[in-house]
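K.L.:
To be precise about what I am sending: the file is called model-v9.cif and holds mmCIF, C-alpha atoms and all ligand atoms.
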```
data_my_file
#
loop_
_atom_site.label_atom_id
_atom_site.label_comp_id
_atom_site.auth_asym_id
_atom_site.auth_seq_id
_atom_site.Cartn_x
_atom_site.Cartn_y
_atom_site.Cartn_z
CA MET S 1 40.66 -39.25 69.73
CA THR S 2 38.34 -41.92 68.30
CA ILE S 3 36.06 -39.98 66.00
CA GLN S 4 35.37 -42.78 63.59
CA LEU S 5 34.87 -46.52 63.83
CA ARG S 6 35.19 -48.59 60.66
CA THR S 7 34.52 -52.29 60.77
CA GLN S 8 35.06 -55.06 58.23
CA ASP S 9 33.52 -58.52 58.23
CA LEU S 10 32.00 -58.06 61.64
CA SER S 11 30.06 -61.05 62.85
CA LYS S 12 28.69 -62.43 66.07
CA ARG S 13 27.82 -66.04 66.67
CA TYR S 14 26.63 -67.87 69.74
CA GLU S 15 27.66 -71.48 69.15
CA GLU S 16 25.87 -72.47 65.90
CA ARG S 17 23.58 -69.44 65.86
CA VAL S 18 24.78 -66.55 63.68
CA LEU S 19 23.32 -63.28 64.96
CA PHE S 20 24.69 -61.10 62.15
CA HIS S 21 27.42 -60.73 59.59
CA ILE S 22 28.14 -57.17 58.43
CA PRO S 23 30.67 -56.73 55.60
CA HIS S 24 31.34 -52.99 56.18
CA LEU S 25 30.17 -50.47 58.71
CA GLN S 26 31.20 -46.95 59.60
CA ILE S 27 30.28 -44.50 62.32
CA GLY S 28 31.44 -40.94 62.31
CA PRO S 29 32.49 -38.32 62.06
CA SER S 30 29.23 -36.51 62.90
CA ASN S 31 26.63 -39.16 62.21
CA ALA S 32 23.23 -39.57 63.85
CA ILE S 33 22.05 -43.14 63.35
CA TYR S 34 18.79 -44.83 64.28
CA LEU S 35 19.42 -48.57 64.81
CA LYS S 36 16.31 -50.67 64.29
CA GLY S 37 15.39 -54.34 64.32
CA GLN S 38 13.10 -56.78 66.03
CA ASN S 39 13.68 -58.10 69.54
CA GLY S 40 16.67 -60.39 69.67
CA VAL S 41 18.24 -59.51 66.29
CA GLY S 42 21.40 -58.25 67.96
CA LYS S 43 21.11 -54.46 68.38
CA THR S 44 22.47 -54.45 71.94
CA THR S 45 25.15 -56.93 70.95
CA LEU S 46 26.26 -54.72 68.04
CA LEU S 47 26.40 -51.61 70.24
CA LYS S 48 28.43 -53.48 72.86
CA ILE S 49 30.87 -54.66 70.18
CA LEU S 50 31.23 -51.07 68.94
CA ALA S 51 31.92 -49.97 72.52
CA GLY S 52 34.52 -52.68 73.10
CA LEU S 53 32.40 -54.40 75.73
CA THR S 54 31.73 -57.59 73.75
CA THR S 55 34.16 -59.34 71.44
CA PRO S 56 32.88 -60.13 67.94
CA SER S 57 33.29 -63.63 66.52
CA THR S 58 35.10 -62.26 63.45
CA GLY S 59 36.07 -58.89 62.05
CA THR S 60 38.35 -55.92 62.27
CA ILE S 61 37.66 -52.57 63.86
CA ASN S 62 39.70 -49.65 62.55
CA GLY S 63 41.95 -52.18 60.89
CA ILE S 64 42.74 -54.07 64.08
CA GLU S 65 42.29 -57.81 63.75
CA ILE S 66 40.47 -59.68 66.44
CA SER S 67 43.26 -61.64 68.00
CA THR S 68 44.79 -62.61 71.28
CA PHE S 69 46.12 -59.06 71.51
CA TYR S 70 42.76 -57.42 70.87
CA ARG S 71 42.28 -56.54 74.52
CA LEU S 72 45.62 -54.73 74.55
CA PHE S 73 44.37 -52.35 71.86
CA SER S 74 40.80 -52.07 73.02
CA ARG S 75 41.33 -49.32 75.58
CA LYS S 76 42.85 -46.97 73.06
CA LEU S 77 40.54 -48.07 70.25
CA PHE S 78 37.35 -47.38 72.20
CA LYS S 79 38.58 -44.28 73.98
CA ASP S 80 35.87 -41.61 73.72
CA VAL S 81 33.20 -44.21 72.88
CA VAL S 82 30.47 -44.38 75.53
CA TYR S 83 27.75 -47.03 75.74
CA LEU S 84 24.59 -45.91 77.52
CA HIS S 85 22.94 -48.98 79.00
CA GLN S 86 19.16 -49.34 79.03
CA SER S 87 19.27 -50.09 82.77
CA PRO S 88 22.17 -47.89 83.81
CA TYR S 89 24.51 -48.84 86.61
CA MET S 90 24.66 -46.39 89.49
CA PHE S 91 27.44 -45.91 92.02
CA ASP S 92 26.36 -46.21 95.66
CA ALA S 93 26.56 -42.43 96.11
CA SER S 94 24.77 -39.11 95.62
CA LEU S 95 23.66 -37.90 92.21
CA LEU S 96 26.44 -35.34 92.27
CA ASP S 97 29.10 -37.96 92.98
CA ASN S 98 27.68 -40.25 90.31
CA ILE S 99 28.43 -37.48 87.82
CA ARG S 100 31.77 -36.50 89.37
CA TYR S 101 33.10 -40.07 89.18
CA ALA S 102 32.94 -39.74 85.39
CA LEU S 103 35.19 -36.66 85.36
CA PRO S 104 38.95 -36.90 84.90
CA PHE S 105 40.78 -37.43 88.19
CA SER S 106 42.12 -33.86 88.25
CA SER S 107 38.64 -32.30 88.12
CA LYS S 108 36.72 -34.72 90.34
CA ARG S 109 37.05 -32.88 93.62
CA GLY S 110 37.57 -29.21 92.88
CA VAL S 111 35.01 -26.43 92.74
CA HIS S 112 35.16 -26.60 88.95
CA GLY S 113 34.27 -30.30 89.02
CA ARG S 114 31.31 -29.58 91.27
CA SER S 115 29.98 -26.80 89.06
CA GLN S 116 30.42 -28.97 85.96
CA ALA S 117 28.47 -31.78 87.63
CA ILE S 118 25.72 -29.40 88.83
CA ASN S 119 25.44 -28.02 85.31
CA ALA S 120 25.04 -31.54 83.90
CA LEU S 121 22.31 -32.30 86.45
CA ARG S 122 20.58 -29.02 85.57
CA MET S 123 20.52 -30.04 81.90
CA VAL S 124 18.42 -33.10 82.76
CA GLY S 125 16.31 -31.38 85.43
CA LEU S 126 17.85 -33.17 88.43
CA GLU S 127 19.76 -30.30 90.01
CA SER S 128 17.47 -30.09 93.05
CA LEU S 129 18.32 -33.73 93.92
CA ALA S 130 22.10 -33.25 93.58
CA ASP S 131 22.93 -34.31 97.15
CA GLU S 132 20.35 -37.10 97.42
CA HIS S 133 21.43 -40.73 97.24
CA CYS S 134 20.80 -42.13 93.75
CA SER S 135 18.64 -44.94 95.18
CA VAL S 136 15.78 -42.43 95.51
CA LEU S 137 15.53 -42.06 91.76
CA SER S 138 12.84 -43.54 89.55
CA GLY S 139 13.78 -45.57 86.45
CA GLY S 140 13.34 -42.58 84.16
CA GLU S 141 15.37 -40.32 86.46
CA LYS S 142 18.20 -42.88 86.55
CA GLN S 143 18.18 -42.83 82.76
CA ARG S 144 18.50 -39.03 82.80
CA LEU S 145 21.33 -39.22 85.34
CA ALA S 146 23.14 -41.76 83.17
CA MET S 147 22.75 -39.49 80.15
CA ALA S 148 24.16 -36.53 82.09
CA ARG S 149 27.09 -38.73 83.15
CA ALA S 150 27.70 -39.76 79.54
CA TRP S 151 27.43 -36.17 78.29
CA ILE S 152 29.92 -34.74 80.77
CA VAL S 153 32.75 -36.91 79.43
CA ASN S 154 32.17 -35.41 75.98
CA PRO S 155 32.32 -38.66 74.00
CA SER S 156 33.05 -38.68 70.27
CA ILE S 157 30.65 -41.57 69.81
CA LEU S 158 27.66 -42.14 72.08
CA LEU S 159 25.82 -45.45 71.74
CA MET S 160 22.36 -45.17 73.32
CA ASP S 161 20.53 -48.43 73.96
CA GLU S 162 16.79 -47.73 74.24
CA PRO S 163 17.40 -44.48 76.08
CA SER S 164 13.78 -43.38 76.02
CA ALA S 165 12.09 -46.68 76.90
CA SER S 166 10.96 -45.52 80.36
CA LEU S 167 10.83 -41.78 79.78
CA ASP S 168 7.91 -39.39 79.57
CA LEU S 169 7.94 -36.57 77.04
CA GLU S 170 9.57 -34.02 79.33
CA SER S 171 12.35 -36.40 80.36
CA THR S 172 12.97 -37.33 76.75
CA GLN S 173 13.36 -33.62 76.02
CA GLY S 174 16.27 -33.36 78.50
CA ILE S 175 18.03 -36.26 76.77
CA ILE S 176 17.37 -34.74 73.35
CA THR S 177 19.01 -31.47 74.47
CA LEU S 178 22.18 -33.28 75.54
CA ALA S 179 22.27 -35.47 72.41
CA LYS S 180 21.86 -32.38 70.22
CA ASP S 181 24.65 -30.65 72.07
CA LEU S 182 27.00 -33.57 71.37
CA LEU S 183 25.98 -33.58 67.69
CA ASP S 184 26.64 -29.83 67.50
CA ARG S 185 30.14 -30.50 68.81
CA GLY S 186 30.77 -33.02 66.02
CA ALA S 187 30.12 -36.23 67.93
CA SER S 188 28.21 -39.19 66.49
CA ILE S 189 25.29 -40.93 68.14
CA VAL S 190 23.62 -44.27 67.56
CA ILE S 191 20.16 -44.76 69.09
CA THR S 192 18.16 -47.96 69.39
CA SER S 193 14.48 -47.54 70.04
CA HIS S 194 11.30 -49.45 69.31
CA GLN S 195 9.37 -46.18 69.17
CA GLN S 196 10.02 -43.13 67.08
CA ASN S 197 10.21 -39.92 69.06
CA GLY S 198 12.07 -36.62 69.23
CA LEU S 199 15.30 -38.47 69.89
CA THR S 200 15.10 -40.72 66.85
CA ASN S 201 14.09 -37.67 64.82
CA LEU S 202 17.62 -36.35 65.36
CA CYS S 203 18.86 -39.16 63.14
CA ASP S 204 19.58 -38.86 59.44
CA THR S 205 20.64 -42.44 58.84
CA GLN S 206 18.90 -45.69 59.63
CA TRP S 207 20.53 -49.05 60.26
CA THR S 208 18.24 -52.07 60.22
CA ILE S 209 19.37 -55.49 61.36
CA GLU S 210 17.36 -58.19 59.60
CA ASN S 211 18.07 -61.56 58.03
CA GLN S 212 21.42 -61.60 59.86
CA GLY S 213 22.61 -58.55 57.93
CA LEU S 214 22.50 -54.79 58.27
CA THR S 215 20.83 -52.41 55.84
CA VAL S 216 21.80 -48.74 55.71
CA THR S 217 19.16 -46.29 54.49
CA PRO S 218 18.48 -42.58 54.94
CA HIS S 219 16.19 -41.81 57.85
CA LEU S 220 13.89 -39.25 56.29
CA ARG S 221 11.84 -36.78 58.27
CA VAL S 222 8.97 -34.58 57.17
CA ILE S 223 7.22 -31.76 58.91
CA ASP S 224 3.57 -32.41 59.60
CA GLU S 225 1.95 -29.11 58.68
CA ASP S 226 -0.92 -29.55 61.17
CA THR S 227 1.07 -30.33 64.26
CA LYS S 228 4.42 -28.88 63.21
CA ASN S 229 5.92 -32.00 64.67
CA LEU S 230 8.67 -33.84 62.92
CA LYS S 231 7.58 -37.24 61.81
CA SER S 232 9.87 -39.89 60.46
CA ILE S 233 9.36 -41.84 57.33
CA THR S 234 11.15 -45.07 57.87
CA ASN S 235 9.68 -47.27 55.19
CA ASN S 236 11.47 -45.52 52.35
CA LYS S 237 14.30 -47.84 51.66
CA LEU S 238 16.45 -45.97 49.21
CA GLY S 239 19.25 -48.42 48.85
CA ASN S 240 20.85 -51.56 50.05
CA ASP S 241 24.32 -50.32 50.56
CA THR S 242 26.22 -51.73 53.48
N1 LIG S 301 25.94 -64.75 76.18
C1 LIG S 301 25.01 -65.17 75.32
N2 LIG S 301 24.89 -66.47 74.98
C2 LIG S 301 23.96 -66.89 74.08
N3 LIG S 301 23.08 -66.06 73.48
C3 LIG S 301 23.15 -64.77 73.79
C4 LIG S 301 24.11 -64.25 74.71
N4 LIG S 301 23.94 -62.89 74.81
C5 LIG S 301 22.92 -62.59 73.97
N5 LIG S 301 22.45 -63.71 73.38
C6 LIG S 301 21.35 -63.77 72.41
O1 LIG S 301 21.63 -62.92 71.32
C7 LIG S 301 20.41 -62.40 70.79
C8 LIG S 301 20.53 -60.92 70.55
O2 LIG S 301 20.47 -60.23 71.78
P1 LIG S 301 20.42 -58.64 71.85
O3 LIG S 301 20.28 -58.29 73.28
O4 LIG S 301 21.61 -58.09 71.15
O5 LIG S 301 19.10 -58.33 71.01
P2 LIG S 301 18.38 -56.93 70.76
O6 LIG S 301 18.25 -56.76 69.28
O7 LIG S 301 19.07 -55.86 71.51
O8 LIG S 301 16.93 -57.21 71.36
P3 LIG S 301 15.91 -56.20 72.13
O9 LIG S 301 15.17 -55.43 71.06
O10 LIG S 301 14.99 -57.14 72.84
O11 LIG S 301 16.70 -55.35 73.06
C9 LIG S 301 19.31 -62.80 71.77
O12 LIG S 301 18.55 -63.85 71.23
C10 LIG S 301 20.06 -63.24 72.98
O13 LIG S 301 19.39 -64.24 73.68
MG MG S 302 18.58 -54.66 73.15
#
```
So, in terms of structure tokens, how does the structure I just supplied come out?
P.N.:
Amino acid sequence: MTIQLRTQDLSKRYEERVLFHIPHLQIGPSNAIYLKGQNGVGKTTLLKILAGLTTPSTGTINGIEISTFYRLFSRKLFKDVVYLHQSPYMFDASLLDNIRYALPFSSKRGVHGRSQAINALRMVGLESLADEHCSVLSGGEKQRLAMARAWIVNPSILLMDEPSASLDLESTQGIITLAKDLLDRGASIVITSHQQNGLTNLCDTQWTIENQGLTVTPHLRVIDEDTKNLKSITNNKLGNDT
């Protein structure tokens, strides 16, 4: 089980343009990380590298050198790591089947698989649409379906790329519930978001990509006594440790 990813000298370059170079980085076990940075600094690229979907220009991940044989290791290395895309891909099928496709082969068809999938849909408020084709869904509903599909595979590391960009408060709440559940089970999550909300308030660590590097700081939260809402303080940089 991949419960931790440790990288060394991770960099990504497109021709002459260096996106970032990160000497050390670690996720897990049980981390909740808010990944910040301006448009185009490389947040999506970093998440895709950590999910094994994009190859870095240099670096090792869990001690494995990037080499010709990298692809041979990548399946095992990134087992249990799930990347949640901002515009999730849907299978040409019902909501229920979209969830069931994510289940192990043995549980896809049986009654147990169905009840697991229904339960996942219930968690994000889409149970009543279980047998509808996924093309009927709005952007925010597709995002919720994708989160339910990610949650049901019980990943050790969930990488969420702007998961709340098109969500209203209630929809965000469904995603928060599932993210919290994964954290309670010892998983790690990384969230990119341009806005702070209940989801980013789950995070205790902040990664900021700037000047082609990555800064790690605590992500502090305070309770606003008037509203009782958690608010984040993100401008307290308490260190420069990478
Ligand atoms: N295949 C590619 N070839 C060349 N440049 C690329 C390629 N893929 C991504 N880039 C560039 O890398 C940069 C980082 O992209 P990325 O999507 O990781 O940024 P981001 O931090 O996620 O931005 P946003 O906040 O807008 O989502 C962008 O300038 C993008 O154009
Ligand atoms: Mg992005």
K.L.:
Taking all atoms listed in the file and a cut-off of 12 Å, can you tell me which residues surround ligand MG 302 (chain S), written as a ChimeraX atom specification?
P.N.:
/S:35-48,84-87,159-163,165,191-194,209
K.L.:
Leu19 (chain S): which residues within 6 Å, counting all atoms listed in the file, same-chain residues fewer than 6 positions away excluded, as a CSV table (one decimal) with C-alpha atoms, in the coordinates of the input?
P.N.:
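Below is the file out-v9.csv, written as the result:
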```
chain,number,residue,atom,x,y,z
S,12,LYS,CA,28.7,-62.4,66.1
S,13,ARG,CA,27.8,-66.0,66.7
S,212,GLN,CA,21.4,-61.6,59.9
```
K.L.:
What's the 6 Å shell around region 53-66 of chain S, counting only C-alpha atoms, without same-chain residues fewer than 6 positions away, as a PDB file with C-alpha atoms, in the frame of the given file?
P.N.:
```pdb
ATOM      1  CA  LEU S   5      34.870 -46.520  63.830  1.00  0.00           C
ATOM      2  CA  ARG S   6      35.190 -48.590  60.660  1.00  0.00           C
ATOM      3  CA  THR S   7      34.520 -52.290  60.770  1.00  0.00           C
ATOM      4  CA  GLN S   8      35.060 -55.060  58.230  1.00  0.00           C
ATOM      5  CA  ASP S   9      33.520 -58.520  58.230  1.00  0.00           C
ATOM      6  CA  LEU S  10      32.000 -58.060  61.640  1.00  0.00           C
ATOM      7  CA  SER S  11      30.060 -61.050  62.850  1.00  0.00           C
ATOM      8  CA  LYS S  12      28.690 -62.430  66.070  1.00  0.00           C
ATOM      9  CA  ARG S  13      27.820 -66.040  66.670  1.00  0.00           C
TER      10      ARG S  13
END
```
K.L.:
For each of S:Gln143, S:Ile22, S:Ile49, S:Lys180, take the minimum atom-to-atom distance to ligand LIG 301 (chain S), counting all atoms listed in the file, then give the residue where this is smallest.
P.N.:
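For ligand LIG 301 (chain S), the nearest of the given residues is S:Ile49.
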K.L.:
Using the file's own x, y and z axes, what box holds all listed atoms of region 148-161 of chain S with 5 Å on each side, keeping edges along x, y and z, and what are its centre and edge lengths in Å to one decimal, as AutoDock Vina command-line options?
P.N.:
```
--center_x 26.8 --center_y -41.6 --center_z 76.5 --size_x 22.5 --size_y 23.7 --size_z 23.3
```
K.L.:
For Asp80 (chain S), list every protein, DNA or RNA residue within 10 Å, evaluated using all atoms listed in the file, and leave out those in the same chain fewer than 5 positions away; present the list as number ranges by chain.
P.N.:
S: 1-3, 51, 75, 153-158, 187
K.L.:
Which of these, S:Ala32, S:Val136, S:Leu199, S:Ala120, has the shortest distance to Ile175 (chain S) once you count all atoms listed in the file?
P.N.:
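Looking only at the distances to Ile175 (chain S), the closest residue turns out to be S:Leu199.
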K.L.:
Counting all atoms listed in the file, which of S:Leu220, S:Cys134, S:Leu214, S:Ile33 gets nearest to ligand LIG 301 (chain S)?
P.N.:
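Closest candidate: S:Leu214.
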K.L.:
May I have the residues at most 7 Å from (20.8, -48.2, 57.2) in the file's coordinates, counting all atoms listed in the file, as a VMD selection string?
P.N.:
chain S and resid 205 to 208 214 to 218
K.L.:
If you measure from CA of Asn211 (chain S) to CA of Ser74 (chain S), what distance in Å do you get, rounded to one decimal?
P.N.:
28.8 Å
K.L.:
Give the answer as one residue: which of S:Leu95, S:Ala130, S:Val18, S:Cys203 has the shortest atom-to-atom distance to ligand LIG 301 (chain S), using all atoms listed in the file?
P.N.:
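The closest residue to ligand LIG 301 (chain S) is S:Val18.
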K.L.:
Between S:Asp131, S:Asn197, S:Glu16, S:Asp204, which is the closest to Leu183 (chain S) once you count only C-alpha atoms?
P.N.:
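Using only C-alpha atoms, Leu183 (chain S) sits closest to S:Asp204.
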K.L.:
From the options S:Val190, S:Tyr14, S:Val111, S:Leu145, which residue's atoms come nearest to ligand LIG 301 (chain S), counting only C-alpha atoms and all ligand atoms?
P.N.:
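So, comparing all the options, the nearest one is S:Tyr14.
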